[in-house]
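Engineer: Got a structure for you, data15.txt, holding compact mmCIF, C-alpha atoms and all ligand atoms.
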```txt
# COMPACT_ATOMS: atom_id res chain seq x y z
CA MET A 212 -9.61 -20.16 -60.66
CA LYS A 213 -11.37 -20.42 -57.31
CA ILE A 214 -13.45 -17.50 -56.06
CA LEU A 215 -15.02 -16.97 -52.64
CA ILE A 216 -18.13 -14.79 -52.49
CA VAL A 217 -18.79 -13.36 -49.04
CA GLU A 218 -22.35 -12.07 -49.27
CA ASP A 219 -25.60 -12.74 -47.45
CA GLU A 220 -27.99 -11.83 -50.27
CA THR A 221 -28.80 -15.29 -51.58
CA ARG A 222 -30.33 -14.07 -54.83
CA LEU A 223 -27.29 -12.04 -55.76
CA VAL A 224 -24.99 -14.92 -54.84
CA ASP A 225 -26.97 -17.29 -57.06
CA VAL A 226 -26.68 -14.95 -60.03
CA LEU A 227 -22.95 -14.46 -59.49
CA ARG A 228 -22.31 -18.14 -58.92
CA GLN A 229 -24.11 -19.06 -62.14
CA GLY A 230 -22.35 -16.41 -64.20
CA LEU A 231 -18.90 -17.14 -62.83
CA LYS A 232 -19.34 -20.87 -63.36
CA GLU A 233 -20.19 -20.21 -66.99
CA HIS A 234 -16.89 -18.36 -67.27
CA GLY A 235 -14.91 -21.24 -65.85
CA PHE A 236 -14.57 -20.13 -62.23
CA THR A 237 -15.11 -22.38 -59.24
CA VAL A 238 -17.27 -20.58 -56.70
CA GLU A 239 -17.76 -20.95 -52.98
CA GLN A 240 -19.92 -18.83 -50.71
CA ALA A 241 -19.77 -17.60 -47.15
CA GLY A 242 -23.00 -16.07 -45.86
CA ASN A 243 -21.58 -13.90 -43.09
CA GLY A 244 -18.41 -12.08 -42.13
CA SER A 245 -17.13 -14.60 -39.62
CA GLU A 246 -17.54 -17.52 -41.99
CA GLY A 247 -15.90 -15.46 -44.71
CA LEU A 248 -12.93 -14.62 -42.54
CA GLU A 249 -12.42 -18.24 -41.60
CA ALA A 250 -12.66 -19.40 -45.21
CA ILE A 251 -10.21 -16.77 -46.48
CA LEU A 252 -7.65 -17.53 -43.79
CA SER A 253 -7.64 -21.16 -44.89
CA GLY A 254 -5.85 -19.58 -47.86
CA SER A 255 -7.18 -21.44 -50.87
CA TYR A 256 -8.83 -18.79 -53.06
CA ASP A 257 -7.56 -16.93 -56.09
CA ALA A 258 -9.81 -13.96 -55.33
CA VAL A 259 -12.53 -12.88 -52.92
CA VAL A 260 -15.68 -10.90 -53.68
CA LEU A 261 -16.42 -9.26 -50.35
CA ASP A 262 -19.62 -7.41 -49.57
CA VAL A 263 -19.43 -4.55 -47.06
CA MET A 264 -22.83 -5.13 -45.45
CA LEU A 265 -22.65 -8.53 -43.77
CA PRO A 266 -24.09 -10.16 -40.66
CA GLU A 267 -21.75 -10.72 -37.69
CA ARG A 268 -18.70 -8.91 -39.08
CA ASP A 269 -18.78 -6.33 -41.85
CA GLY A 270 -16.62 -6.47 -44.94
CA PHE A 271 -14.23 -3.78 -43.69
CA ASP A 272 -13.50 -5.78 -40.59
CA VAL A 273 -12.99 -8.99 -42.57
CA LEU A 274 -10.58 -7.17 -44.88
CA LYS A 275 -8.69 -5.64 -41.97
CA GLN A 276 -8.27 -9.02 -40.28
CA ILE A 277 -7.06 -10.88 -43.36
CA ARG A 278 -4.48 -8.22 -44.25
CA LYS A 279 -3.33 -8.12 -40.63
CA ALA A 280 -2.79 -11.86 -40.87
CA GLY A 281 -0.56 -11.27 -43.90
CA ASN A 282 -3.02 -12.78 -46.36
CA ILE A 283 -2.57 -11.19 -49.80
CA VAL A 284 -5.51 -12.72 -51.68
CA PRO A 285 -6.94 -10.20 -54.20
CA VAL A 286 -10.17 -8.68 -52.84
CA LEU A 287 -12.97 -6.99 -54.78
CA MET A 288 -15.30 -5.14 -52.41
CA LEU A 289 -18.99 -4.69 -53.09
CA THR A 290 -20.59 -1.68 -51.55
CA ALA A 291 -24.22 -0.63 -51.55
CA ARG A 292 -23.12 2.89 -50.81
CA SER A 293 -21.44 4.98 -53.43
CA GLY A 294 -19.96 7.32 -50.85
CA VAL A 295 -16.34 8.21 -51.51
CA ASP A 296 -15.48 7.55 -47.85
CA ASP A 297 -16.41 3.87 -48.13
CA ARG A 298 -14.38 3.38 -51.27
CA VAL A 299 -11.37 5.11 -49.80
CA ARG A 300 -11.71 3.12 -46.61
CA GLY A 301 -11.86 -0.16 -48.50
CA LEU A 302 -8.82 0.65 -50.61
CA ASP A 303 -6.98 1.92 -47.53
CA LEU A 304 -7.59 -1.35 -45.77
CA GLY A 305 -6.09 -3.23 -48.68
CA ALA A 306 -8.91 -3.95 -51.12
CA ASP A 307 -7.68 -4.36 -54.70
CA ASP A 308 -10.78 -2.80 -56.21
CA TYR A 309 -14.38 -1.96 -55.35
CA LEU A 310 -17.69 -2.11 -57.17
CA PRO A 311 -20.74 -0.11 -56.08
CA LYS A 312 -24.10 -1.89 -56.12
CA PRO A 313 -26.07 -2.31 -58.28
CA PHE A 314 -23.62 -3.44 -60.94
CA GLU A 315 -23.72 -5.42 -64.14
CA PHE A 316 -22.27 -8.89 -64.13
CA LYS A 317 -19.87 -8.13 -66.98
CA GLU A 318 -18.40 -5.31 -64.93
CA LEU A 319 -17.77 -7.61 -61.98
CA LEU A 320 -16.22 -10.14 -64.32
CA ALA A 321 -13.89 -7.54 -65.85
CA ARG A 322 -12.73 -6.32 -62.45
CA LEU A 323 -12.29 -9.82 -61.13
CA ARG A 324 -10.14 -10.67 -64.13
CA ALA A 325 -8.09 -7.53 -63.62
CA ILE A 326 -7.34 -8.20 -59.96
CA THR A 327 -6.54 -11.87 -60.51
CA ARG A 328 -4.15 -10.96 -63.32
CA ARG A 329 -2.41 -8.49 -61.09
CA PRO A 330 0.12 -10.44 -59.07
CA ALA A 331 -0.33 -10.08 -55.32
CA VAL A 332 3.39 -9.38 -55.08
CA GLU A 333 4.82 -7.02 -57.70
CA PRO A 334 6.66 -9.10 -60.28
CA GLN A 335 9.93 -7.26 -59.84
CA ASP A 336 9.89 -8.22 -56.18
CA LEU A 337 11.88 -11.26 -55.26
CA LEU A 338 10.21 -13.92 -53.16
CA ARG A 339 12.59 -14.91 -50.44
CA VAL A 340 13.08 -17.05 -47.39
CA ALA A 341 16.53 -17.27 -45.78
CA ASP A 342 19.02 -17.68 -48.64
CA LEU A 343 16.40 -19.03 -51.06
CA GLU A 344 15.29 -16.51 -53.68
CA MET A 345 12.78 -16.65 -56.50
CA ASP A 346 12.43 -14.11 -59.27
CA PRO A 347 8.94 -14.90 -60.63
CA ARG A 348 9.36 -12.64 -63.66
CA ARG A 349 12.60 -14.20 -64.84
CA HIS A 350 11.54 -17.65 -63.67
CA GLU A 351 14.74 -18.07 -61.71
CA VAL A 352 15.44 -19.68 -58.37
CA ARG A 353 18.65 -19.36 -56.39
CA ARG A 354 19.77 -21.02 -53.18
CA ALA A 355 22.81 -19.42 -51.53
CA GLY A 356 23.33 -17.50 -54.78
CA LYS A 357 23.47 -20.61 -56.95
CA LEU A 358 20.87 -21.19 -59.68
CA VAL A 359 18.51 -24.09 -59.02
CA ASP A 360 17.07 -25.83 -62.06
CA LEU A 361 13.36 -26.64 -61.59
CA SER A 362 10.67 -28.15 -63.79
CA ALA A 363 7.57 -26.02 -64.43
CA ARG A 364 5.58 -27.98 -61.84
CA GLU A 365 8.34 -27.77 -59.24
CA PHE A 366 8.58 -24.04 -59.86
CA ALA A 367 4.81 -23.61 -59.40
CA LEU A 368 4.91 -25.61 -56.19
CA LEU A 369 7.83 -23.62 -54.79
CA GLU A 370 6.19 -20.33 -55.79
CA TYR A 371 3.02 -21.32 -53.92
CA LEU A 372 5.05 -22.25 -50.83
CA LEU A 373 7.04 -19.01 -51.04
CA ARG A 374 4.00 -16.77 -51.46
CA ARG A 375 2.58 -18.35 -48.32
CA LYS A 376 5.79 -18.83 -46.42
CA GLY A 377 5.35 -19.59 -42.75
CA LEU A 378 1.83 -20.96 -43.29
CA VAL A 379 1.06 -24.65 -43.07
CA LEU A 380 -0.40 -25.77 -46.41
CA THR A 381 -2.39 -28.98 -46.58
CA ARG A 382 -1.91 -31.48 -49.40
CA ALA A 383 -5.42 -30.62 -50.60
CA MET A 384 -4.59 -26.90 -50.78
CA ILE A 385 -1.36 -27.57 -52.65
CA LEU A 386 -3.12 -29.92 -55.04
CA ASP A 387 -5.85 -27.39 -55.64
CA HIS A 388 -3.43 -24.59 -56.49
CA VAL A 389 -0.57 -26.29 -58.21
CA TRP A 390 -2.49 -28.97 -60.05
CA ALA A 391 -5.85 -27.16 -60.30
CA SER A 392 -7.74 -30.23 -59.09
CA THR A 393 -6.88 -32.33 -62.11
CA TYR A 394 -6.45 -35.27 -59.77
CA ASP A 395 -8.77 -36.72 -57.20
CA TYR A 396 -7.66 -36.33 -53.64
CA ASP A 397 -6.31 -39.84 -53.03
CA GLY A 398 -4.15 -40.00 -56.12
CA GLY A 399 -3.14 -36.39 -55.72
CA SER A 400 -2.07 -36.64 -52.11
CA ASN A 401 0.75 -38.91 -53.11
CA LEU A 402 1.58 -36.66 -56.04
CA VAL A 403 2.15 -33.74 -53.69
CA GLU A 404 4.50 -35.84 -51.57
CA VAL A 405 6.45 -36.92 -54.62
CA TYR A 406 6.90 -33.33 -55.82
CA VAL A 407 7.78 -32.02 -52.37
CA ASN A 408 10.54 -34.62 -52.31
CA PHE A 409 11.75 -33.52 -55.75
CA LEU A 410 11.90 -29.96 -54.45
CA ARG A 411 13.74 -30.99 -51.30
CA LYS A 412 16.44 -32.68 -53.36
CA LYS A 413 16.96 -29.54 -55.42
CA VAL A 414 16.44 -26.84 -52.81
CA ASP A 415 17.42 -28.30 -49.43
CA ALA A 416 19.84 -31.16 -50.09
CA GLY A 417 23.41 -30.20 -49.22
CA HIS A 418 22.37 -27.14 -47.20
CA PRO A 419 22.66 -27.18 -43.41
CA VAL A 420 19.41 -25.23 -42.95
CA LYS A 421 16.35 -27.03 -44.34
CA LEU A 422 13.49 -24.81 -45.52
CA ILE A 423 10.76 -27.27 -46.52
CA HIS A 424 9.23 -28.88 -43.45
CA THR A 425 6.62 -31.59 -43.04
CA VAL A 426 3.98 -30.86 -40.42
CA ARG A 427 2.85 -34.29 -39.37
CA GLY A 428 -0.80 -34.92 -40.14
CA SER A 429 -1.26 -31.45 -41.67
CA GLY A 430 0.92 -30.72 -44.63
CA TYR A 431 3.97 -28.65 -45.43
CA VAL A 432 5.43 -25.30 -44.52
CA LEU A 433 8.29 -23.30 -45.96
CA ARG A 434 10.25 -21.50 -43.26
CA GLU A 435 13.69 -21.05 -41.81
CA GLN A 436 13.03 -22.50 -38.36
CA ALA A 437 12.64 -26.26 -38.09
CA CA B 1 -24.87 -7.97 -47.95
```
Would you mind giving the structure from this file in structure tokens?

Structural biologist:
Amino acid sequence: MKILIVEDETRLVDVLRQGLKEHGFTVEQAGNGSEGLEAILSGSYDAVVLDVMLPERDGFDVLKQIRKAGNIVPVLMLTARSGVDDRVRGLDLGADDYLPKPFEFKELLARLRAITRRPAVEPQDLLRVADLEMDPRRHEVRRAGKLVDLSAREFALLEYLLRRKGLVLTRAMILDHVWASTYDYDGGSNLVEVYVNFLRKKVDAGHPVKLIHTVRGSGYVLREQA
């Protein structure tokens, strides 16, 4: 589970980083709003801890921009102010939860666990592009109405592509999410290619419209247009 902390208070970040590491999280930090925004839009975090008071761009603005870009990463906002207006504003802009400062680490941990458990897309919602449909709850995939039989790894890969449809995903990002960095980059890069090809055979082969596209030098994207 990879967490991005967007916060400029170094001491707080150090405490959080240490605690989260002890609980098995991988932690990265961005020290201002612009850096945070850029990191989040690269799309490779399972959750973001986002402070409101930040240099360059405040947390509200970062949140607004990422949701506008269609990014659905779970966000826990930290606010120094306990004013109801700030909380409402954060939730309105698409935060998943908020935590007023000061807080206890175990509280942050509990909330982080809650928002990462909560699927970004409601489970009853189908994930869909063109005539390809995935029902994450029933673990079923259909292309043109016909069931497609996938291995667990293929399913995880397709789910990742579907949840970020239209976005170019690098091999490193795919590896990180679908294989949780079990493999080093060189070995893993090839692994991604192999599995994308498995998926193509099951999802695209025999259909006039291909959905899985290679973006030369970058990675892969799932979309209707070539
Ligand atoms: Ca701050």

Engineer: Within 10 Å of ligand CA 1 (chain B), counting only C-alpha atoms and all ligand atoms, which protein or nucleic acid residues do you find, written as a list of chain:residue names?

Structural biologist: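 The distance check yields A:Val217, A:Glu218, A:Asp219, A:Glu220, A:Thr221, A:Leu223, A:Val224, A:Gly242, A:Asn243, A:Gly244, A:Leu261, A:Asp262, A:Val263, A:Met264, A:Leu265, A:Pro266, A:Asp269, A:Gly270, A:Leu289, A:Thr290, A:Ala291.
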
Engineer: May I ask for the distance between atom CA of A:Arg222 and atom CA of A:Val286, given in Å to one decimal place?

Structural biologist: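 The value is 21.0 Å.
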
Engineer: Would you mind listing what lies within 12 Å of stretch 411-417 of chain A as a ChimeraX atom specification, with all atoms listed in the file counted and same-chain residues fewer than 2 positions away left out?

Structural biologist: /A:340-345,352-362,365-366,368-369,404-409,419-425,431,433-435

Engineer: Nearest to A:Asp308: which of A:Lys275, A:Lys213, A:Arg375, A:Arg324 is it, counting all atoms listed in the file?

Structural biologist: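 Result for the nearest residue to A:Asp308: A:Arg324.
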
Engineer: State, in Å with one decimal place, the distance from atom CA of A:Ala383 to atom CA of A:Tyr256.

Structural biologist: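 Computed distance, atom CA of A:Ala383 to atom CA of A:Tyr256, equals 12.6 Å.
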
Engineer: May I ask which of the residues A:Val273, A:Tyr309, A:Ile326, A:Arg298 is the closest one to A:Ile214, counting all atoms listed in the file?

Structural biologist: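 The answer is A:Ile326, which sits nearest to A:Ile214.
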
Engineer: Would you compute the distance between atom CA of A:Leu304 and atom CA of A:Met288? Give it in Å to one decimal.

Structural biologist: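 These two atoms are separated by 10.9 Å.
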
Engineer: Which is closest to A:Arg374 among A:Leu320, A:Ile283, A:Leu310, A:Ala437, if we use all atoms listed in the file?

Structural biologist: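 Selected residue with least distance to A:Arg374: A:Ile283.
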
Engineer: Identify which of the residues A:Ile251, A:Leu410, A:Val226, A:Val403 lies closest to A:Gly430, counting all atoms listed in the file when measuring atom-to-atom distances.

Structural biologist: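 So, comparing all the options, the nearest one is A:Val403.
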
Engineer: With distances taken over all atoms listed in the file, which of A:Gly428, A:Gly305, A:Pro285, A:Gly254 is nearest to A:Lys376?

Structural biologist: A:Gly254
